[in-house]
Every structure is written in C-alpha cells, then in structure tokens.
>>> print(open('target.cif').read())   # mmCIF, C-alpha atoms
data_coords
#
loop_
_atom_site.group_PDB
_atom_site.id
_atom_site.type_symbol
_atom_site.label_atom_id
_atom_site.label_comp_id
_atom_site.auth_asym_id
_atom_site.auth_seq_id
_atom_site.Cartn_x
_atom_site.Cartn_y
_atom_site.Cartn_z
ATOM 1 C CA MET A 1 -29.894 11.274 -19.074
ATOM 2 C CA ASN A 2 -27.348 8.461 -19.303
ATOM 3 C CA VAL A 3 -23.819 8.260 -17.989
ATOM 4 C CA ALA A 4 -21.652 10.106 -20.491
ATOM 5 C CA GLN A 5 -18.583 7.967 -19.895
ATOM 6 C CA LYS A 6 -19.605 4.564 -18.745
ATOM 7 C CA ALA A 7 -16.996 2.557 -16.900
ATOM 8 C CA PRO A 8 -16.407 -0.835 -18.543
ATOM 9 C CA LYS A 9 -17.819 -3.789 -16.756
ATOM 10 C CA MET A 10 -15.432 -6.370 -15.402
ATOM 11 C CA CYS A 11 -17.199 -9.697 -15.308
ATOM 12 C CA LYS A 12 -15.766 -12.634 -13.465
ATOM 13 C CA LYS A 13 -16.059 -15.949 -15.210
ATOM 14 C CA ARG A 14 -16.617 -18.894 -12.961
ATOM 15 C CA ILE A 15 -15.351 -22.120 -14.473
ATOM 16 C CA CYS A 16 -16.880 -25.311 -13.161
ATOM 17 C CA LEU A 17 -14.953 -28.476 -13.928
ATOM 18 C CA PHE A 18 -16.694 -31.822 -13.715
ATOM 19 C CA VAL A 19 -14.570 -34.928 -14.067
ATOM 20 C CA ARG A 20 -16.165 -38.262 -14.678
ATOM 21 C CA PRO A 21 -14.229 -41.104 -13.056
ATOM 22 C CA THR A 22 -14.616 -43.112 -16.269
ATOM 23 C CA ALA A 23 -12.846 -40.365 -18.260
ATOM 24 C CA ILE A 24 -9.577 -41.022 -16.444
ATOM 25 C CA GLU A 25 -10.224 -44.548 -15.357
ATOM 26 C CA GLY A 26 -7.117 -46.240 -14.093
ATOM 27 C CA HIS A 27 -5.533 -42.926 -13.094
ATOM 28 C CA PRO A 28 -6.974 -42.076 -9.661
ATOM 29 C CA MET A 29 -4.026 -39.836 -8.802
ATOM 30 C CA ILE A 30 -4.802 -37.525 -11.737
ATOM 31 C CA MET A 31 -8.351 -36.988 -10.524
ATOM 32 C CA ALA A 32 -7.130 -36.453 -6.958
ATOM 33 C CA GLY A 33 -4.562 -33.947 -8.204
ATOM 34 C CA ILE A 34 -7.213 -31.962 -10.077
ATOM 35 C CA PHE A 35 -9.386 -31.896 -6.958
ATOM 36 C CA ILE A 36 -6.532 -30.690 -4.764
ATOM 37 C CA TRP A 37 -5.506 -27.973 -7.267
ATOM 38 C CA LEU A 38 -9.038 -26.622 -7.556
ATOM 39 C CA PHE A 39 -9.461 -26.246 -3.833
ATOM 40 C CA THR A 40 -6.036 -25.024 -2.747
ATOM 41 C CA VAL A 41 -5.321 -22.142 -5.166
ATOM 42 C CA ASN A 42 -6.019 -18.907 -3.293
ATOM 43 C CA PRO A 43 -5.336 -15.299 -4.311
ATOM 44 C CA ASP A 44 -2.131 -13.857 -2.902
ATOM 45 C CA VAL A 45 -3.247 -10.917 -0.783
ATOM 46 C CA ARG A 46 0.273 -9.470 -1.138
ATOM 47 C CA ALA A 47 0.128 -9.412 -4.933
ATOM 48 C CA GLN A 48 -0.059 -5.610 -5.130
ATOM 49 C CA ARG A 49 3.125 -5.029 -3.134
ATOM 50 C CA VAL A 50 6.197 -3.555 -4.818
ATOM 51 C CA TYR A 51 9.393 -4.213 -2.861
ATOM 52 C CA ALA A 52 12.542 -2.103 -2.785
ATOM 53 C CA ASP A 53 15.086 -3.572 -5.202
ATOM 54 C CA THR A 54 18.405 -1.927 -4.380
ATOM 55 C CA ASP A 55 20.156 -0.427 -1.374
ATOM 56 C CA GLN A 56 22.907 1.900 -0.187
ATOM 57 C CA ILE A 57 24.706 1.936 3.156
ATOM 58 C CA THR A 58 26.850 4.326 5.153
ATOM 59 C CA SER A 59 28.490 4.045 8.577
ATOM 60 C CA THR A 60 31.073 5.375 10.984
ATOM 61 C CA LEU A 61 33.754 3.229 12.598
ATOM 62 C CA LEU A 62 32.392 0.467 14.845
ATOM 63 C CA ALA A 63 29.060 0.574 13.026
ATOM 64 C CA GLY A 64 27.716 -1.002 9.874
ATOM 65 C CA VAL A 65 25.185 -3.240 8.116
ATOM 66 C CA THR A 66 25.309 -7.035 7.895
ATOM 67 C CA ASN A 67 23.420 -9.296 5.457
ATOM 68 C CA ARG A 68 22.299 -6.208 3.557
ATOM 69 C CA ALA A 69 20.849 -8.190 0.623
ATOM 70 C CA ASN A 70 18.295 -9.792 2.972
ATOM 71 C CA ALA A 71 16.400 -6.498 3.111
ATOM 72 C CA LEU A 72 15.756 -6.684 -0.635
ATOM 73 C CA THR A 73 13.534 -9.772 -0.545
ATOM 74 C CA SER A 74 9.924 -10.386 0.395
ATOM 75 C CA ASN A 75 10.909 -13.159 2.816
ATOM 76 C CA PRO A 76 9.506 -12.228 6.250
ATOM 77 C CA ALA A 77 12.055 -14.451 7.995
ATOM 78 C CA THR A 78 15.243 -12.773 6.726
ATOM 79 C CA TYR A 79 16.653 -9.353 7.490
ATOM 80 C CA SER A 80 19.717 -7.174 7.430
ATOM 81 C CA GLU A 81 21.038 -5.819 10.695
ATOM 82 C CA VAL A 82 21.945 -2.171 11.072
ATOM 83 C CA TYR A 83 24.136 -1.714 14.133
ATOM 84 C CA ALA A 84 26.046 0.966 16.005
ATOM 85 C CA ASN A 85 28.463 -0.150 18.709
ATOM 86 C CA LEU A 86 29.599 1.867 21.677
ATOM 87 C CA SER A 87 32.860 3.734 21.157
ATOM 88 C CA LEU A 88 35.013 5.547 23.697
ATOM 89 C CA ALA A 89 35.841 8.031 20.952
ATOM 90 C CA GLY A 90 32.231 9.141 20.590
ATOM 91 C CA LEU A 91 28.853 8.131 19.227
ATOM 92 C CA THR A 92 28.575 5.856 16.193
ATOM 93 C CA SER A 93 25.930 5.405 13.529
ATOM 94 C CA ALA A 94 24.996 3.380 10.461
ATOM 95 C CA ALA A 95 22.232 3.593 7.870
ATOM 96 C CA GLN A 96 20.705 1.469 5.118
ATOM 97 C CA ASN A 97 18.588 3.046 2.410
ATOM 98 C CA LEU A 98 16.177 0.806 0.457
ATOM 99 C CA ARG A 99 15.259 2.164 -2.985
ATOM 100 C CA PHE A 100 12.591 1.565 -5.611
ATOM 101 C CA THR A 101 14.199 1.946 -9.037
ATOM 102 C CA GLY A 102 11.361 0.812 -11.315
ATOM 103 C CA ALA A 103 13.296 -2.298 -12.321
ATOM 104 C CA ASN A 104 11.487 -5.059 -14.258
ATOM 105 C CA GLY A 105 8.711 -2.668 -15.216
ATOM 106 C CA ASN A 106 7.624 -2.082 -11.629
ATOM 107 C CA PRO A 107 6.155 1.315 -10.739
ATOM 108 C CA VAL A 108 7.893 3.676 -8.351
ATOM 109 C CA PRO A 109 6.119 5.198 -5.356
ATOM 110 C CA ARG A 110 4.174 8.398 -5.810
ATOM 111 C CA SER A 111 4.999 11.308 -3.544
ATOM 112 C CA SER A 112 1.794 10.480 -1.630
ATOM 113 C CA SER A 113 2.446 6.705 -1.421
ATOM 114 C CA PRO A 114 2.889 5.438 2.132
ATOM 115 C CA ILE A 115 6.011 3.241 2.234
ATOM 116 C CA MET A 116 5.660 0.271 4.548
ATOM 117 C CA VAL A 117 8.772 -0.773 6.460
ATOM 118 C CA ARG A 118 9.184 -4.009 8.349
ATOM 119 C CA PHE A 119 11.722 -3.698 11.136
ATOM 120 C CA GLY A 120 12.493 -5.403 14.405
ATOM 121 C CA ASN A 121 14.791 -6.134 17.279
ATOM 122 C CA SER A 122 15.734 -9.219 19.273
ATOM 123 C CA ALA A 123 13.918 -7.671 22.236
ATOM 124 C CA SER A 124 10.981 -5.267 22.423
ATOM 125 C CA LEU A 125 10.804 -2.609 19.709
ATOM 126 C CA VAL A 126 10.127 0.067 22.287
ATOM 127 C CA GLY A 127 13.674 -0.276 23.583
ATOM 128 C CA ILE A 128 15.291 0.980 20.363
ATOM 129 C CA LEU A 129 12.908 3.765 19.327
ATOM 130 C CA ASP A 130 15.092 6.506 20.806
ATOM 131 C CA ASN A 131 18.030 5.368 18.683
ATOM 132 C CA ILE A 132 16.547 4.748 15.237
ATOM 133 C CA ALA A 133 15.012 6.979 12.599
ATOM 134 C CA PHE A 134 13.200 6.351 9.330
ATOM 135 C CA GLN A 135 13.293 9.010 6.643
ATOM 136 C CA ARG A 136 12.280 9.015 3.004
ATOM 137 C CA THR A 137 14.916 9.720 0.366
ATOM 138 C CA ASN A 138 15.034 10.619 -3.301
ATOM 139 C CA GLY A 139 17.927 9.637 -5.524
ATOM 140 C CA GLY A 140 20.289 8.473 -2.808
ATOM 141 C CA ILE A 141 20.951 7.805 0.852
ATOM 142 C CA ASN A 142 21.954 11.393 1.635
ATOM 143 C CA ASN A 143 19.103 13.089 -0.254
ATOM 144 C CA THR A 144 16.486 13.019 2.468
ATOM 145 C CA VAL A 145 12.899 14.157 1.972
ATOM 146 C CA GLY A 146 10.654 15.569 4.666
ATOM 147 C CA THR A 147 11.281 15.078 8.370
ATOM 148 C CA ALA A 148 12.508 11.941 10.091
ATOM 149 C CA TYR A 149 10.238 9.577 11.986
ATOM 150 C CA THR A 150 11.878 9.075 15.363
ATOM 151 C CA SER A 151 10.957 8.043 18.900
ATOM 152 C CA SER A 152 7.633 9.799 19.463
ATOM 153 C CA THR A 153 6.288 9.526 15.905
ATOM 154 C CA LEU A 154 7.401 5.890 15.611
ATOM 155 C CA ALA A 155 5.810 5.137 18.977
ATOM 156 C CA ASN A 156 2.520 6.534 17.676
ATOM 157 C CA LEU A 157 2.735 4.302 14.584
ATOM 158 C CA LEU A 158 3.562 1.242 16.692
ATOM 159 C CA THR A 159 0.478 1.908 18.805
ATOM 160 C CA LEU A 160 -1.595 1.596 15.625
ATOM 161 C CA PHE A 161 0.332 -1.128 13.801
ATOM 162 C CA SER A 162 1.685 -3.542 16.398
ATOM 163 C CA THR A 163 0.792 -5.364 19.572
ATOM 164 C CA PRO A 164 2.332 -4.628 22.985
ATOM 165 C CA GLY A 165 5.768 -6.187 23.426
ATOM 166 C CA ALA A 166 6.168 -6.919 19.711
ATOM 167 C CA THR A 167 9.694 -7.624 18.463
ATOM 168 C CA GLU A 168 8.858 -6.628 14.870
ATOM 169 C CA ALA A 169 6.233 -4.600 13.052
ATOM 170 C CA ILE A 170 5.217 -3.220 9.664
ATOM 171 C CA VAL A 171 4.465 0.484 9.800
ATOM 172 C CA PRO A 172 3.577 2.923 6.978
ATOM 173 C CA ILE A 173 5.888 5.931 6.662
ATOM 174 C CA PRO A 174 3.894 8.700 4.956
ATOM 175 C CA ASN A 175 5.533 11.507 3.035
ATOM 176 C CA ASN A 176 5.192 14.681 5.074
ATOM 177 C CA SER A 177 6.438 16.625 2.078
ATOM 178 C CA SER A 178 5.045 17.183 -1.410
ATOM 179 C CA LEU A 179 8.458 16.316 -2.885
ATOM 180 C CA PRO A 180 8.907 12.969 -4.690
ATOM 181 C CA SER A 181 10.770 10.135 -2.990
ATOM 182 C CA ASP A 182 12.017 6.738 -4.120
ATOM 183 C CA GLY A 183 13.547 5.259 -0.969
ATOM 184 C CA ILE A 184 13.343 4.835 2.772
ATOM 185 C CA ARG A 185 16.375 5.027 5.070
ATOM 186 C CA LEU A 186 16.821 3.373 8.459
ATOM 187 C CA ARG A 187 19.476 5.067 10.584
ATOM 188 C CA VAL A 188 20.745 3.628 13.874
ATOM 189 C CA SER A 189 22.779 5.612 16.415
ATOM 190 C CA SER A 190 24.540 4.449 19.552
ATOM 191 C CA VAL A 191 24.086 6.125 22.909
ATOM 192 C CA LEU A 192 26.393 6.452 25.875
ATOM 193 C CA GLY A 193 26.788 3.056 27.467
ATOM 194 C CA LEU A 194 24.653 1.239 24.912
ATOM 195 C CA SER A 195 25.100 -0.409 21.511
ATOM 196 C CA VAL A 196 22.044 -0.544 19.282
ATOM 197 C CA ARG A 197 20.985 -3.112 16.662
ATOM 198 C CA ALA A 198 17.900 -2.995 14.450
ATOM 199 C CA ARG A 199 16.628 -5.559 11.962
ATOM 200 C CA TYR A 200 15.531 -4.299 8.548
ATOM 201 C CA TYR A 201 13.343 -6.923 6.837
ATOM 202 C CA HIS A 202 12.104 -5.051 3.762
ATOM 203 C CA ALA A 203 10.222 -2.036 2.438
ATOM 204 C CA PHE A 204 7.268 -2.005 0.063
ATOM 205 C CA PHE A 205 4.391 0.103 -1.167
ATOM 206 C CA ILE A 206 0.954 -0.849 -2.491
ATOM 207 C CA VAL A 207 0.197 -0.261 -6.172
ATOM 208 C CA PRO A 208 -2.432 2.506 -6.417
ATOM 209 C CA PRO A 209 -5.787 1.607 -7.979
ATOM 210 C CA VAL A 210 -6.337 2.322 -11.674
ATOM 211 C CA PRO A 211 -9.945 3.427 -12.340
ATOM 212 C CA GLY A 212 -11.619 2.370 -15.562
ATOM 213 C CA ASN A 213 -12.486 6.041 -16.124
ATOM 214 C CA SER A 214 -10.806 9.074 -14.615
ATOM 215 C CA GLU A 215 -13.776 11.296 -15.547
ATOM 216 C CA ILE A 216 -17.405 10.352 -15.086
ATOM 217 C CA ALA A 217 -20.512 12.381 -15.949
ATOM 218 C CA VAL A 218 -23.903 11.538 -14.473
ATOM 219 C CA CYS A 219 -27.242 13.168 -13.791
ATOM 220 C CA GLU A 220 -28.230 14.298 -10.353
ATOM 221 C CA GLY A 221 -29.795 11.426 -8.427
ATOM 222 C CA ASP A 222 -28.045 8.704 -10.471
ATOM 223 C CA GLN A 223 -25.383 6.311 -9.226
ATOM 224 C CA VAL A 224 -21.719 7.058 -9.939
ATOM 225 C CA PRO A 225 -20.184 3.783 -11.210
ATOM 226 C CA ILE A 226 -16.561 3.002 -10.309
ATOM 227 C CA THR A 227 -14.531 0.196 -11.870
ATOM 228 C CA ILE A 228 -11.022 -0.800 -10.803
ATOM 229 C CA SER A 229 -8.981 -1.977 -13.793
ATOM 230 C CA ASN A 230 -6.181 -3.491 -11.699
ATOM 231 C CA PHE A 231 -8.505 -5.031 -9.126
ATOM 232 C CA TYR A 232 -7.100 -7.919 -7.125
ATOM 233 C CA PRO A 233 -9.097 -10.164 -4.758
ATOM 234 C CA GLY A 234 -8.305 -9.674 -1.104
ATOM 235 C CA TYR A 235 -7.745 -5.913 -1.334
ATOM 236 C CA VAL A 236 -10.155 -3.343 0.100
ATOM 237 C CA TYR A 237 -11.023 -0.216 -1.895
ATOM 238 C CA ARG A 238 -12.169 3.048 -0.352
ATOM 239 C CA ALA A 239 -13.071 6.523 -1.568
ATOM 240 C CA TYR A 240 -12.039 9.724 0.221
ATOM 241 C CA ASN A 241 -12.671 13.415 -0.297
ATOM 242 C CA THR A 242 -8.969 14.424 -0.307
ATOM 243 C CA LEU A 243 -5.586 13.155 -1.525
ATOM 244 C CA THR A 244 -4.408 12.410 2.029
ATOM 245 C CA GLY A 245 -6.279 12.336 5.311
ATOM 246 C CA GLY A 246 -9.831 13.557 4.874
ATOM 247 C CA THR A 247 -13.071 11.646 5.312
ATOM 248 C CA GLN A 248 -14.005 8.260 3.919
ATOM 249 C CA ILE A 249 -16.999 8.283 1.578
ATOM 250 C CA GLY A 250 -19.328 5.318 1.876
ATOM 251 C CA GLY A 251 -18.114 1.924 3.031
ATOM 252 C CA ASP A 252 -15.396 -0.563 2.128
ATOM 253 C CA ASN A 253 -15.506 -2.254 -1.277
ATOM 254 C CA THR A 254 -14.090 -5.687 -2.100
ATOM 255 C CA THR A 255 -15.275 -6.059 -5.703
ATOM 256 C CA ALA A 256 -13.999 -4.628 -8.986
ATOM 257 C CA SER A 257 -17.126 -2.520 -9.517
ATOM 258 C CA PHE A 258 -19.037 -0.410 -7.016
ATOM 259 C CA SER A 259 -20.937 2.863 -6.997
ATOM 260 C CA TYR A 260 -21.809 5.941 -4.997
ATOM 261 C CA ALA A 261 -24.906 8.119 -4.916
ATOM 262 C CA THR A 262 -24.463 11.611 -6.319
ATOM 263 C CA ALA A 263 -25.379 12.986 -2.910
ATOM 264 C CA GLN A 264 -22.156 11.414 -1.548
ATOM 265 C CA ILE A 265 -19.858 13.174 -4.020
ATOM 266 C CA PRO A 266 -17.880 16.085 -2.493
ATOM 267 C CA ALA A 267 -18.600 19.594 -3.686
ATOM 268 C CA SER A 268 -15.197 19.632 -5.385
ATOM 269 C CA GLY A 269 -16.358 16.820 -7.651
ATOM 270 C CA ASN A 270 -13.284 14.720 -6.825
ATOM 271 C CA LEU A 271 -13.204 11.217 -5.424
ATOM 272 C CA TRP A 272 -9.873 9.828 -4.277
ATOM 273 C CA ILE A 273 -9.738 6.023 -4.533
ATOM 274 C CA GLU A 274 -7.410 3.997 -2.296
ATOM 275 C CA ALA A 275 -6.477 0.311 -2.282
ATOM 276 C CA ALA A 276 -5.406 -1.346 0.948
ATOM 277 C CA GLU A 277 -3.980 -4.665 1.981
ATOM 278 C CA VAL A 278 -5.704 -5.798 5.159
ATOM 279 C CA ASN A 279 -3.888 -8.054 7.594
ATOM 280 C CA GLY A 280 -6.130 -8.714 10.556
ATOM 281 C CA GLN A 281 -6.568 -5.407 12.374
ATOM 282 C CA PHE A 282 -3.888 -3.632 10.320
ATOM 283 C CA ARG A 283 -4.326 -1.822 6.977
ATOM 284 C CA TYR A 284 -1.509 -0.993 4.576
ATOM 285 C CA PRO A 285 -2.859 1.651 2.154
ATOM 286 C CA SER A 286 -1.820 2.792 -1.306
ATOM 287 C CA ALA A 287 -1.624 6.306 -2.663
ATOM 288 C CA ARG A 288 -5.010 7.571 -3.811
ATOM 289 C CA THR A 289 -6.070 8.009 -7.426
ATOM 290 C CA PRO A 290 -8.461 10.851 -8.341
ATOM 291 C CA ILE A 291 -11.694 10.521 -10.265
ATOM 292 C CA THR A 292 -13.467 13.675 -11.432
ATOM 293 C CA VAL A 293 -17.244 13.457 -11.264
ATOM 294 C CA THR A 294 -19.445 15.918 -13.141
ATOM 295 C CA ILE A 295 -23.042 16.005 -11.952
ATOM 296 C CA SER A 296 -25.644 17.672 -14.178
ATOM 297 C CA PRO A 297 -29.136 18.613 -12.969
ATOM 298 C CA LYS A 298 -31.938 16.555 -14.345
ATOM 299 C CA PRO A 299 -34.115 18.422 -16.829
ATOM 300 C CA GLY A 300 -37.493 19.513 -15.545
ATOM 301 C CA PRO A 301 -40.791 18.280 -16.897
ATOM 302 C CA PRO A 302 -41.515 19.371 -20.442
ATOM 303 C CA SER A 303 -43.516 22.522 -20.916
ATOM 304 C CA LEU A 304 -46.509 22.006 -23.197
ATOM 305 C CA GLN A 305 -48.359 24.803 -24.864
ATOM 306 C CA LEU A 306 -51.676 24.060 -26.549
ATOM 307 C CA SER A 307 -53.156 26.398 -29.034
ATOM 308 C CA GLY A 308 -56.466 26.013 -30.737
ATOM 309 C CA ASP A 309 -57.565 27.239 -34.121
#
>>> encode(input="target.cif", output="structure tokens")
Amino acid sequence: MNVAQKAPKMCKKRICLFVRPTAIEGHPMIMAGIFIWLFTVNPDVRAQRVYADTDQITSTLLAGVTNRANALTSNPATYSEVYANLSLAGLTSAAQNLRFTGANGNPVPRSSSPIMVRFGNSASLVGILDNIAFQRTNGGINNTVGTAYTSSTLANLLTLFSTPGATEAIVPIPNNSSLPSDGIRLRVSSVLGLSVRARYYHAFFIVPPVPGNSEIAVCEGDQVPITISNFYPGYVYRAYNTLTGGTQIGGDNTTASFSYATAQIPASGNLWIEAAEVNGQFRYPSARTPITVTISPKPGPPSLQLSGD
C-alpha cells in the first residue's frame, strides 16, 4: 500500500561556478569579487522572525516612555525606555504595548504563538523584576489577555533564557489563555524610595511551519513523510504530541524533509510540528502546526483456495 497523499519533495539545487582566469583576463578584481560573494553569503537565522510594527503607550505623571520608535526595529542595539519615577504623591507607572498588525503581508501571531520580548536594564535584570510585568494584549494596550508575567514567573524564564548577571535577555511569553492576542505590553511601576527604568528592545514571534500536506495516509509499518514548505536553513523542526507542552517525538530535524515511523505516531493520529530559532543554548519556538496521520493495517497474506476437477 502506498502513501495516499505523498508530500512533495523539495530538492536543493547546488550550483557550482567555475571561473577560468582567461575568461575575465585583465579583470582580477571581478574574479576576486565572485570568490568573496560565493563564500560569504550565509542564511539569516533570524529570517523567520516577525517583529511588532506599531505601539501604544500610557503613563501617569512623572512616568513615561522615551525613544518609543526604537522598540519597533530589529536592531539589537536600540531600545525605548519605559520609566516610572518616584513621586511624593504616590506610585507612578508607564506602559508600552508592541503590536503585530499584519502590515506588509506579514502574519499575525496565533493564540498559541510564544511572543519573544527583548528587554533590559542598565544594571542586572534581577533588580527590576519586582517592578515590571509583561502581558499579552488583543486590539489595544488596555485589552489584556491571560495573566501577567511578573517577578516569580519572569525569574523562572530568566533562569532558562539568560546567564547570571545579564543586563538584557530575550524570553518567550506564552499565552496562558486560549484567547487570541496581537500584542505584548511592558508595564513599569515605581516603588517607595525607588524609580524604575526598563529597556524595551523589540518583540517578535517565529513564523509557524507550513507542512506540504496537512493529512497523510500510510500503511502500518511505513514511514510517515513530512515536508516543510516554508523551510529555512538554520531553523530546527520538531514534532510533538500536543499543541503546547507535551512530549517531543523523535529527534531534531534541520532539513526540509524528514520522516517518522508509524510506531512513533500518537494514538490521536496528530503530530504537532514546531519551528525554532536556536541561539547557542537558547531556543525561540514557533506555534505548532498540526498534521493528521491516518494509519491503515497492512493486508494479510492472500488466501488461496485450490479446487480440482
């Protein structure tokens, strides 16, 4: 029995360019330029990021946001600053919400898309955790979704996604609600005797993988072929048994096509495929895309009946 819906093959073409010195004789710089171009073009491992493209701010007196447009770029060296100064009249606060509007044909995050935020402080990040909060939003700065990530939950993320004493970090803020969201808000609050400042570099999410086939039918004992239509070199692809959390199936994949044995497919018949950007020891994952796998038993040996005249 053959695969009922065969995923299309994605073949990489390798182009080899040979240049004879006589072909461009008298132009050594041209040949040198071709050589340099061939050996310095590398895939951008951030190519599947989608950055927030607009923002909103709110603040009390003696609080605010400076250089707010800096948080809408991919430049890791620039940032806005969300600050709340000490006031004798009471506590102060300010917030900046970064939104994904789908501008220029970009996708918007799914409800299950982790949103990565890059934030920092002139000193150690640990010193501001009690006075900042990240929370997802939908449709505006005041329309919050799910619960806020504050001191303890942020500290747990920093343990996984930063090094001790770091002054900045990129951490994924998952959606602890099934509701959709299109933004991520950083809120800073002052405390008695202390002003607080936090740097907001940018927010992004990873484009989810697009399988070549969302439904695959195979026979028991065959391989289940997976093809990623929007594959990009440098990303790592994994399969899980649930939309979020769950257990990884098989190992990591770094090619556009890979496969799993039918024995690895969950009883539900669903594989959830995730793409991740890997930066050293840190992984920034996408939302997962489902593939439904139907496994049919192999037919038994034919039954022969002989009759004689």
>>> resolve_selection(input="target.cif", expression="the PyMOL selection byres ((chain A and resi 90) around 10)", output="JSON, numbers by chain")
{"A": [86, 87, 88, 89, 91, 92, 190, 191, 192]}
>>> resolve_selection(input="target.cif", expression="the PyMOL selection byres ((chain A and resi 231-246) around 7)", output="list in words")
Pro43, Val45, Ile228, Ser229, Asn230, Thr247, Gln248, Ile249, Gly251, Asp252, Asn253, Thr254, Ala256, Pro266, Asn270, Leu271, Trp272, Ile273, Glu274, Ala275, Ala276, Glu277, Val278 and Arg288 of chain A
>>> atom_distance(input="target.cif", atom1="CA of Arg185 in chain A", atom2="CA of Tyr201 in chain A")
12.5 Å
>>> atom_distance(input="target.cif", atom1="CA of Pro301 in chain A", atom2="CA of Ala267 in chain A")
25.9 Å
>>> resolve_selection(input="target.cif", expression="the PyMOL selection byres ((chain A and resi 223) around 8)", output="list in words")
Val218, Gly221, Asp222, Val224, Pro225, Ser259, Tyr260, Ala261 and Thr262 of chain A
>>> residues_around(input="target.cif", residues="Val293 in chain A", least_positions_apart="6", cutoff="6 Å", atoms="only C-alpha atoms", output="PDB file with C-alpha atoms, in the coordinates of the input")
ATOM      1  CA  GLU A 215     -13.776  11.296 -15.547  1.00  0.00           C
ATOM      2  CA  ILE A 216     -17.405  10.352 -15.086  1.00  0.00           C
ATOM      3  CA  ALA A 217     -20.512  12.381 -15.949  1.00  0.00           C
ATOM      4  CA  GLY A 269     -16.358  16.820  -7.651  1.00  0.00           C
TER       5      GLY A 269
END
>>> residues_around(input="target.cif", residues="Leu154 in chain A", least_positions_apart="5", cutoff="10 Å", atoms="only C-alpha atoms", output="PyMOL selection string")
chain A and resi 126+129-130+132-134+148-149+159-160+171-173
>>> residues_around(input="target.cif", residues="Ser124 in chain A", least_positions_apart="2", cutoff="7 Å", atoms="only C-alpha atoms", output="NGL selection string")
:A and (121-122 or 126-127 or 165-167)
>>> closest_residue(input="target.cif", among="A:Phe258, A:Phe205, A:Tyr200, A:Phe161", to="Arg283 in chain A", atoms="only C-alpha atoms")
A:Phe161
>>> atom_distance(input="target.cif", atom1="CA of Pro299 in chain A", atom2="CA of Gln264 in chain A")
20.6 Å
>>> closest_residue(input="target.cif", among="A:Ile57, A:Leu125, A:Ala52, A:Ile295", to="Phe100 in chain A", atoms="all atoms listed in the file")
A:Ala52
>>> axis_aligned_box(input="target.cif", around="range 52-68 of chain A", padding_each_side="4 Å", output="AutoDock Vina command-line options")
--center_x 23.1 --center_y -2.0 --center_z 4.8 --size_x 29.2 --size_y 22.7 --size_z 28.0
>>> closest_residue(input="target.cif", among="A:Gly280, A:Pro209, A:Gly183, A:Pro114", to="Thr137 in chain A", atoms="all atoms listed in the file")
A:Gly183
>>> build_atoms(input="target.cif", residues="range 211-225 of chain A", atoms="N, CA and C atoms", output="PDB file, keeping the file's coordinate frame")
ATOM      1  N   PRO A 211      -8.517   3.417 -11.990  1.00  0.00           N
ATOM      2  CA  PRO A 211      -9.945   3.427 -12.340  1.00  0.00           C
ATOM      3  C   PRO A 211     -10.147   3.173 -13.827  1.00  0.00           C
ATOM      4  N   GLY A 212     -11.281   2.561 -14.165  1.00  0.00           N
ATOM      5  CA  GLY A 212     -11.619   2.370 -15.562  1.00  0.00           C
ATOM      6  C   GLY A 212     -11.819   3.686 -16.282  1.00  0.00           C
ATOM      7  N   ASN A 213     -12.300   4.700 -15.568  1.00  0.00           N
ATOM      8  CA  ASN A 213     -12.486   6.041 -16.124  1.00  0.00           C
ATOM      9  C   ASN A 213     -12.031   7.061 -15.096  1.00  0.00           C
ATOM     10  N   SER A 214     -11.250   8.018 -15.525  1.00  0.00           N
ATOM     11  CA  SER A 214     -10.806   9.074 -14.615  1.00  0.00           C
ATOM     12  C   SER A 214     -11.795  10.238 -14.572  1.00  0.00           C
ATOM     13  N   GLU A 215     -12.734  10.272 -15.522  1.00  0.00           N
ATOM     14  CA  GLU A 215     -13.776  11.296 -15.547  1.00  0.00           C
ATOM     15  C   GLU A 215     -15.114  10.629 -15.801  1.00  0.00           C
ATOM     16  N   ILE A 216     -16.080  10.963 -14.986  1.00  0.00           N
ATOM     17  CA  ILE A 216     -17.405  10.352 -15.086  1.00  0.00           C
ATOM     18  C   ILE A 216     -18.450  11.459 -15.033  1.00  0.00           C
ATOM     19  N   ALA A 217     -19.422  11.399 -15.924  1.00  0.00           N
ATOM     20  CA  ALA A 217     -20.512  12.381 -15.949  1.00  0.00           C
ATOM     21  C   ALA A 217     -21.836  11.663 -15.727  1.00  0.00           C
ATOM     22  N   VAL A 218     -22.608  12.141 -14.779  1.00  0.00           N
ATOM     23  CA  VAL A 218     -23.903  11.538 -14.473  1.00  0.00           C
ATOM     24  C   VAL A 218     -24.914  12.644 -14.224  1.00  0.00           C
ATOM     25  N   CYS A 219     -26.175  12.245 -14.166  1.00  0.00           N
ATOM     26  CA  CYS A 219     -27.242  13.168 -13.791  1.00  0.00           C
ATOM     27  C   CYS A 219     -27.467  13.121 -12.291  1.00  0.00           C
ATOM     28  N   GLU A 220     -27.913  14.215 -11.769  1.00  0.00           N
ATOM     29  CA  GLU A 220     -28.230  14.298 -10.353  1.00  0.00           C
ATOM     30  C   GLU A 220     -29.223  13.196  -9.976  1.00  0.00           C
ATOM     31  N   GLY A 221     -28.928  12.504  -8.889  1.00  0.00           N
ATOM     32  CA  GLY A 221     -29.795  11.426  -8.427  1.00  0.00           C
ATOM     33  C   GLY A 221     -29.414  10.055  -8.950  1.00  0.00           C
ATOM     34  N   ASP A 222     -28.496   9.994  -9.945  1.00  0.00           N
ATOM     35  CA  ASP A 222     -28.045   8.704 -10.471  1.00  0.00           C
ATOM     36  C   ASP A 222     -26.896   8.158  -9.620  1.00  0.00           C
ATOM     37  N   GLN A 223     -26.546   6.919  -9.871  1.00  0.00           N
ATOM     38  CA  GLN A 223     -25.383   6.311  -9.226  1.00  0.00           C
ATOM     39  C   GLN A 223     -24.120   6.651 -10.022  1.00  0.00           C
ATOM     40  N   VAL A 224     -23.020   6.803  -9.315  1.00  0.00           N
ATOM     41  CA  VAL A 224     -21.719   7.058  -9.939  1.00  0.00           C
ATOM     42  C   VAL A 224     -20.954   5.731  -9.974  1.00  0.00           C
ATOM     43  N   PRO A 225     -20.808   5.110 -11.152  1.00  0.00           N
ATOM     44  CA  PRO A 225     -20.184   3.783 -11.210  1.00  0.00           C
ATOM     45  C   PRO A 225     -18.659   3.879 -11.216  1.00  0.00           C
TER      46      PRO A 225
END
